[in-house]
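Single-structure report; data block below.
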Amino acid sequence: METIILPGFSLKNKAWAEKVRTILNSRFPTTVATWAHWETGHAESGWIEREAEKIVGLIQNKQVNIVAKSIGTAVAMIIVKLKPDLVNKVILCGVPVRDLEKEDKNFYDPLRTFPEDKILCIQNSNDPHGSYAEAEKFLHSINSRLIVVSKPRSDHEYPYTDDFINFLQQGGV
């Protein structure tokens, strides 16, 4: 089953996504999504929804796994909303709680109905875009049964490929 990697907003996230792709690709086919604003230098209003629709068009009718980081987690949730039957498992890394506008939080509503055992949330304990405590509070306000794992870092880097592989293959961390 193919895995789609949805990076964060900044172009520097491309390097993270490519590194993760290289490691995951040894186990299953993996593709990195690239954002239009990386080319244009400007993110237009509604870009998150457009990117999600573009990815839904690319996956057509095949089931996929998703590994998402930062604002890529919002793109992942729109994909889940549009095509829940095509998403097998989802890993959300570094949910950018501090960067979300009030209306952006609605992107995460699919967490209410998507099976909890098919979602893994990983948040660094002191992520500058949202600490573990902030992310856990936010995610559990949507669905108290979600698994939210804390990692002992103080940055927005998510190099947890062993956890990704374990969850995608067996379902646990």
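Identifiers for the structure tokens are assigned positionally: chains receive A, B, ... in sequence, residues are indexed from 1 per chain, and ligands are indexed from 1 in the order shown.
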
Review point. Within 6 Å of segment 92-98 of chain A, counting only C-alpha atoms, which residues qualify if same-chain residues fewer than 6 places away don't, as a VMD selection string?
Key: chain A and resid 68 to 70 73 121 to 123 129 to 130

Using DSSP on the backbone coordinates, identify the residues of segment 61-137 of chain A assigned to helix (DSSP H, G or I); present them as a JSON list (two decimals) with N, CA and C atoms, in the first residue's frame.
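File written: part.json
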[["chain", "number", "residue", "atom", "x", "y", "z"],
["A", 72, "GLY", "N", 0.68, 20.08, 7.20],
["A", 72, "GLY", "CA", 0.32, 18.91, 6.40],
["A", 72, "GLY", "C", -0.71, 18.05, 7.11],
["A", 73, "THR", "N", -0.79, 18.17, 8.44],
["A", 73, "THR", "CA", -1.81, 17.42, 9.19],
["A", 73, "THR", "C", -3.21, 17.92, 8.84],
["A", 74, "ALA", "N", -3.34, 19.22, 8.57],
["A", 74, "ALA", "CA", -4.65, 19.76, 8.17],
["A", 74, "ALA", "C", -5.02, 19.25, 6.78],
["A", 75, "VAL", "N", -4.03, 19.19, 5.88],
["A", 75, "VAL", "CA", -4.27, 18.65, 4.53],
["A", 75, "VAL", "C", -4.72, 17.19, 4.66],
["A", 76, "ALA", "N", -4.06, 16.44, 5.54],
["A", 76, "ALA", "CA", -4.42, 15.03, 5.76],
["A", 76, "ALA", "C", -5.87, 14.89, 6.21],
["A", 77, "MET", "N", -6.28, 15.76, 7.11],
["A", 77, "MET", "CA", -7.65, 15.67, 7.64],
["A", 77, "MET", "C", -8.69, 16.00, 6.57],
["A", 78, "ILE", "N", -8.37, 16.88, 5.64],
["A", 78, "ILE", "CA", -9.31, 17.15, 4.55],
["A", 78, "ILE", "C", -9.40, 15.94, 3.62],
["A", 79, "ILE", "N", -8.27, 15.28, 3.39],
["A", 79, "ILE", "CA", -8.29, 14.05, 2.58],
["A", 79, "ILE", "C", -9.16, 13.01, 3.26],
["A", 80, "VAL", "N", -9.01, 12.86, 4.59],
["A", 80, "VAL", "CA", -9.84, 11.91, 5.33],
["A", 80, "VAL", "C", -11.32, 12.29, 5.21],
["A", 81, "LYS", "N", -11.60, 13.57, 5.28],
["A", 81, "LYS", "CA", -13.00, 14.04, 5.17],
["A", 81, "LYS", "C", -13.56, 13.73, 3.79],
["A", 82, "LEU", "N", -12.76, 13.98, 2.74],
["A", 82, "LEU", "CA", -13.24, 13.78, 1.37],
["A", 82, "LEU", "C", -13.35, 12.30, 1.00],
["A", 84, "PRO", "N", -12.75, 9.09, 3.24],
["A", 84, "PRO", "CA", -12.35, 8.28, 4.40],
["A", 84, "PRO", "C", -12.12, 6.81, 4.06],
["A", 85, "ASP", "N", -12.82, 6.31, 3.08],
["A", 85, "ASP", "CA", -12.68, 4.90, 2.69],
["A", 85, "ASP", "C", -11.35, 4.62, 1.99],
["A", 86, "LEU", "N", -10.67, 5.66, 1.50],
["A", 86, "LEU", "CA", -9.40, 5.46, 0.81],
["A", 86, "LEU", "C", -8.19, 5.64, 1.72],
["A", 97, "VAL", "N", -0.65, 23.61, 16.72],
["A", 97, "VAL", "CA", -1.74, 24.17, 17.50],
["A", 97, "VAL", "C", -1.62, 25.68, 17.66],
["A", 98, "ARG", "N", -0.43, 26.17, 17.93],
["A", 98, "ARG", "CA", -0.24, 27.61, 18.15],
["A", 98, "ARG", "C", -0.42, 28.44, 16.88],
["A", 99, "ASP", "N", -0.33, 27.81, 15.73],
["A", 99, "ASP", "CA", -0.42, 28.52, 14.46],
["A", 99, "ASP", "C", -1.82, 28.49, 13.85],
["A", 102, "LYS", "N", -8.85, 30.09, 14.63],
["A", 102, "LYS", "CA", -10.03, 29.41, 15.17],
["A", 102, "LYS", "C", -10.72, 28.54, 14.11],
["A", 103, "GLU", "N", -10.91, 29.10, 12.90],
["A", 103, "GLU", "CA", -11.60, 28.35, 11.84],
["A", 103, "GLU", "C", -10.76, 27.18, 11.31],
["A", 104, "ASP", "N", -9.41, 27.28, 11.42],
["A", 104, "ASP", "CA", -8.54, 26.19, 10.97],
["A", 104, "ASP", "C", -8.75, 24.93, 11.80],
["A", 105, "LYS", "N", -9.16, 25.08, 13.04],
["A", 105, "LYS", "CA", -9.33, 23.93, 13.91],
["A", 105, "LYS", "C", -10.42, 22.99, 13.39],
["A", 106, "ASN", "N", -11.32, 23.53, 12.57],
["A", 106, "ASN", "CA", -12.37, 22.70, 11.96],
["A", 106, "ASN", "C", -11.81, 21.66, 10.99],
["A", 107, "PHE", "N", -10.61, 21.91, 10.46],
["A", 107, "PHE", "CA", -10.00, 20.93, 9.57],
["A", 107, "PHE", "C", -9.88, 19.57, 10.25],
["A", 108, "TYR", "N", -9.75, 19.57, 11.56],
["A", 108, "TYR", "CA", -9.49, 18.34, 12.30],
["A", 108, "TYR", "C", -10.75, 17.60, 12.73],
["A", 109, "ASP", "N", -11.91, 18.09, 12.34],
["A", 109, "ASP", "CA", -13.18, 17.43, 12.70],
["A", 109, "ASP", "C", -13.27, 15.96, 12.28],
["A", 110, "PRO", "N", -12.65, 15.53, 11.16],
["A", 110, "PRO", "CA", -12.73, 14.11, 10.81],
["A", 110, "PRO", "C", -12.17, 13.17, 11.89],
["A", 111, "LEU", "N", -11.38, 13.72, 12.82],
["A", 111, "LEU", "CA", -10.87, 12.88, 13.91],
["A", 111, "LEU", "C", -12.00, 12.36, 14.79],
["A", 112, "ARG", "N", -13.16, 12.99, 14.73],
["A", 112, "ARG", "CA", -14.31, 12.54, 15.53],
["A", 112, "ARG", "C", -14.81, 11.17, 15.08],
["A", 116, "GLU", "N", -10.01, 5.43, 15.68],
["A", 116, "GLU", "CA", -8.87, 5.85, 16.49],
["A", 116, "GLU", "C", -7.67, 4.92, 16.35],
["A", 117, "ASP", "N", -7.93, 3.64, 16.14],
["A", 117, "ASP", "CA", -6.82, 2.69, 16.03],
["A", 117, "ASP", "C", -6.06, 2.84, 14.72],
["A", 118, "LYS", "N", -6.55, 3.69, 13.84],
["A", 118, "LYS", "CA", -5.88, 3.93, 12.57],
["A", 118, "LYS", "C", -5.21, 5.30, 12.53],
["A", 132, "TYR", "N", 3.45, 19.25, 23.54],
["A", 132, "TYR", "CA", 2.67, 18.03, 23.68],
["A", 132, "TYR", "C", 1.39, 18.30, 24.47],
["A", 133, "ALA", "N", 1.50, 19.03, 25.58],
["A", 133, "ALA", "CA", 0.32, 19.30, 26.41],
["A", 133, "ALA", "C", -0.75, 20.05, 25.61],
["A", 134, "GLU", "N", -0.35, 21.03, 24.82],
["A", 134, "GLU", "CA", -1.31, 21.80, 24.02],
["A", 134, "GLU", "C", -1.95, 20.93, 22.93],
["A", 135, "ALA", "N", -1.11, 20.13, 22.26],
["A", 135, "ALA", "CA", -1.63, 19.27, 21.19],
["A", 135, "ALA", "C", -2.55, 18.20, 21.75],
["A", 136, "GLU", "N", -2.16, 17.59, 22.87],
["A", 136, "GLU", "CA", -3.00, 16.57, 23.47],
["A", 136, "GLU", "C", -4.35, 17.15, 23.88],
["A", 137, "LYS", "N", -4.34, 18.32, 24.49],
["A", 137, "LYS", "CA", -5.60, 18.97, 24.90],
["A", 137, "LYS", "C", -6.48, 19.24, 23.68]]

Practice item. Kindly indicate which residue among A:Val20, A:Ile71, A:Leu6, A:Ala36 lies nearest to Tyr158 of chain A, using only C-alpha atoms for the distances. Key: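 Closest to Tyr158 of chain A, using only C-alpha atoms: A:Val20.
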
Exercise for review: Determine, counting only C-alpha atoms, which protein, DNA and RNA residues have an atom within 8 Å of an atom of Asn65 of chain A; residues of the same chain fewer than 4 positions away are not included. Present the result as a list in words.
Suggested key: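 Near Asn65 of chain A, the qualifying residues are Met1, Glu2, Thr3, Ile4, Val87, Asn88, Lys89, Val90 and Leu168 of chain A.
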
Practice item. Per DSSP on the backbone, filter segment 80-129 of chain A down to the residues in strand (DSSP E or B) and report them as a PyMOL selection string. Key: chain A and resi 87-93+119-124

Can I get the selected residues back with all heavy atoms, as an mmCIF file, in the first residue's frame?
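Output below, filename out33.cif:
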data_model
loop_
_atom_site.group_PDB
_atom_site.id
_atom_site.type_symbol
_atom_site.label_atom_id
_atom_site.label_comp_id
_atom_site.auth_asym_id
_atom_site.auth_seq_id
_atom_site.Cartn_x
_atom_site.Cartn_y
_atom_site.Cartn_z
ATOM 1 N N VAL A 87 -8.421 6.055 2.953
ATOM 2 C CA VAL A 87 -7.315 6.269 3.887
ATOM 3 C C VAL A 87 -7.268 5.094 4.859
ATOM 4 O O VAL A 87 -8.224 4.844 5.590
ATOM 5 C CB VAL A 87 -7.474 7.607 4.640
ATOM 6 C CG1 VAL A 87 -6.336 7.786 5.629
ATOM 7 C CG2 VAL A 87 -7.525 8.774 3.654
ATOM 8 N N ASN A 88 -6.144 4.382 4.836
ATOM 9 C CA ASN A 88 -5.974 3.239 5.718
ATOM 10 C C ASN A 88 -5.524 3.694 7.108
ATOM 11 O O ASN A 88 -6.235 3.492 8.077
ATOM 12 C CB ASN A 88 -4.962 2.267 5.114
ATOM 13 C CG ASN A 88 -4.756 1.045 5.966
ATOM 14 O OD1 ASN A 88 -5.703 0.423 6.434
ATOM 15 N ND2 ASN A 88 -3.499 0.708 6.210
ATOM 16 N N LYS A 89 -4.348 4.317 7.203
ATOM 17 C CA LYS A 89 -3.815 4.795 8.475
ATOM 18 C C LYS A 89 -3.248 6.196 8.292
ATOM 19 O O LYS A 89 -2.797 6.565 7.213
ATOM 20 C CB LYS A 89 -2.715 3.871 8.994
ATOM 21 C CG LYS A 89 -3.234 2.514 9.425
ATOM 22 C CD LYS A 89 -2.130 1.682 10.009
ATOM 23 C CE LYS A 89 -2.655 0.314 10.416
ATOM 24 N NZ LYS A 89 -1.568 -0.522 10.936
ATOM 25 N N VAL A 90 -3.249 6.948 9.404
ATOM 26 C CA VAL A 90 -2.770 8.325 9.400
ATOM 27 C C VAL A 90 -1.829 8.538 10.577
ATOM 28 O O VAL A 90 -2.151 8.170 11.706
ATOM 29 C CB VAL A 90 -3.940 9.330 9.520
ATOM 30 C CG1 VAL A 90 -3.432 10.760 9.526
ATOM 31 C CG2 VAL A 90 -4.957 9.128 8.421
ATOM 32 N N ILE A 91 -0.679 9.152 10.294
ATOM 33 C CA ILE A 91 0.239 9.581 11.342
ATOM 34 C C ILE A 91 0.314 11.102 11.271
ATOM 35 O O ILE A 91 0.642 11.669 10.225
ATOM 36 C CB ILE A 91 1.639 8.969 11.161
ATOM 37 C CG1 ILE A 91 1.561 7.437 11.205
ATOM 38 C CG2 ILE A 91 2.601 9.509 12.221
ATOM 39 C CD1 ILE A 91 2.858 6.729 10.862
ATOM 40 N N LEU A 92 -0.023 11.741 12.384
ATOM 41 C CA LEU A 92 0.024 13.204 12.479
ATOM 42 C C LEU A 92 1.198 13.580 13.369
ATOM 43 O O LEU A 92 1.253 13.170 14.530
ATOM 44 C CB LEU A 92 -1.273 13.750 13.076
ATOM 45 C CG LEU A 92 -2.576 13.373 12.371
ATOM 46 C CD1 LEU A 92 -3.767 13.952 13.133
ATOM 47 C CD2 LEU A 92 -2.574 13.856 10.928
ATOM 48 N N CYS A 93 2.126 14.368 12.830
ATOM 49 C CA CYS A 93 3.310 14.793 13.578
ATOM 50 C C CYS A 93 3.326 16.309 13.712
ATOM 51 O O CYS A 93 3.188 17.025 12.723
ATOM 52 C CB CYS A 93 4.592 14.404 12.829
ATOM 53 S SG CYS A 93 4.791 12.658 12.546
ATOM 54 N N ILE A 119 -5.125 5.947 13.701
ATOM 55 C CA ILE A 119 -4.499 7.268 13.799
ATOM 56 C C ILE A 119 -3.462 7.251 14.905
ATOM 57 O O ILE A 119 -3.735 6.808 16.018
ATOM 58 C CB ILE A 119 -5.537 8.366 14.116
ATOM 59 C CG1 ILE A 119 -6.591 8.445 13.009
ATOM 60 C CG2 ILE A 119 -4.844 9.731 14.274
ATOM 61 C CD1 ILE A 119 -7.724 9.401 13.325
ATOM 62 N N LEU A 120 -2.270 7.749 14.597
ATOM 63 C CA LEU A 120 -1.225 7.945 15.581
ATOM 64 C C LEU A 120 -0.814 9.409 15.539
ATOM 65 O O LEU A 120 -0.513 9.936 14.463
ATOM 66 C CB LEU A 120 -0.015 7.058 15.271
ATOM 67 C CG LEU A 120 1.242 7.309 16.118
ATOM 68 C CD1 LEU A 120 0.967 7.009 17.595
ATOM 69 C CD2 LEU A 120 2.395 6.480 15.588
ATOM 70 N N CYS A 121 -0.816 10.058 16.682
ATOM 71 C CA CYS A 121 -0.397 11.452 16.787
ATOM 72 C C CYS A 121 0.901 11.495 17.593
ATOM 73 O O CYS A 121 0.960 10.936 18.686
ATOM 74 C CB CYS A 121 -1.454 12.301 17.485
ATOM 75 S SG CYS A 121 -3.090 12.153 16.752
ATOM 76 N N ILE A 122 1.920 12.142 17.028
ATOM 77 C CA ILE A 122 3.205 12.285 17.708
ATOM 78 C C ILE A 122 3.483 13.777 17.844
ATOM 79 O O ILE A 122 3.422 14.518 16.863
ATOM 80 C CB ILE A 122 4.344 11.600 16.919
ATOM 81 C CG1 ILE A 122 4.064 10.093 16.745
ATOM 82 C CG2 ILE A 122 5.681 11.832 17.613
ATOM 83 C CD1 ILE A 122 5.073 9.371 15.873
ATOM 84 N N GLN A 123 3.797 14.197 19.068
ATOM 85 C CA GLN A 123 4.067 15.609 19.325
ATOM 86 C C GLN A 123 5.284 15.722 20.227
ATOM 87 O O GLN A 123 5.356 15.052 21.270
ATOM 88 C CB GLN A 123 2.852 16.261 20.000
ATOM 89 C CG GLN A 123 2.866 17.753 19.989
ATOM 90 C CD GLN A 123 2.418 18.354 18.655
ATOM 91 O OE1 GLN A 123 1.848 17.667 17.801
ATOM 92 N NE2 GLN A 123 2.672 19.626 18.474
ATOM 93 N N ASN A 124 6.241 16.544 19.820
ATOM 94 C CA ASN A 124 7.399 16.789 20.670
ATOM 95 C C ASN A 124 6.958 17.540 21.922
ATOM 96 O O ASN A 124 6.082 18.411 21.861
ATOM 97 C CB ASN A 124 8.467 17.581 19.921
ATOM 98 C CG ASN A 124 9.134 16.754 18.837
ATOM 99 O OD1 ASN A 124 9.119 15.529 18.879
ATOM 100 N ND2 ASN A 124 9.710 17.423 17.862
#

Exercise for review: Go ahead and compute the interatomic distance for atom CA of Ser131 of chain A and atom CA of Glu157 of chain A, in Å to one decimal.
Suggested key: 12.6 Å

Point to revise | All residues 8 Å or closer to Ser154 of chain A, only C-alpha atoms, same chain fewer than 3 positions away omitted, as a list in words | key: Asn124, Ser125, Asn126, Asp127 and Pro128 of chain A

Study note, to complete from the structure: From atom CA of Val149 of chain A to atom CA of Asn166 of chain A the spacing works out at 13.8 Å

Practice item. With a distance cut-off of 6 Å and only C-alpha atoms, select the neighbouring residues of Trp38 of chain A, excluding the residue or stretch itself and same-chain residues fewer than 3 positions from it, and output the selection as a ChimeraX atom specification. Key: /A:11,35,41

Atoms to include: N, CA, C and O atoms. Write the selected residues as a short mmCIF file (atom, residue, chain, number, x, y, z; two decimals), in the first residue's frame.
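selection-v4.cif, freshly written:
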data_model
loop_
_atom_site.label_atom_id
_atom_site.label_comp_id
_atom_site.auth_asym_id
_atom_site.auth_seq_id
_atom_site.Cartn_x
_atom_site.Cartn_y
_atom_site.Cartn_z
N LEU A 11 9.44 25.42 2.78
CA LEU A 11 10.22 24.62 1.84
C LEU A 11 11.25 23.75 2.56
O LEU A 11 11.59 22.67 2.08
N TRP A 35 4.08 21.30 -2.31
CA TRP A 35 3.09 22.38 -2.29
C TRP A 35 3.36 23.41 -3.37
O TRP A 35 4.51 23.79 -3.60
N GLY A 41 6.24 30.94 -4.09
CA GLY A 41 6.65 31.78 -2.98
C GLY A 41 5.49 32.45 -2.27
O GLY A 41 5.68 33.25 -1.36
#

Exercise for review: Show which residues sit within 12 Å of Leu58 of chain A, as a count of residues only. Count only C-alpha atoms, and ignore same-chain residues fewer than 4 positions away.
Suggested key: 14

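As for atom CA of Leu139 of chain A and atom CA of Lys151 of chain A, they are spaced 16.0 Å apart.
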
**Study point:** Nearby residues (only C-alpha atoms) at most 12 Å from Asp162 of chain A, same-chain spacing under 5 positions excluded, as a VMD selection string
**Key:** chain A and resid 20 23 to 24 27 167 to 170 172 to 173
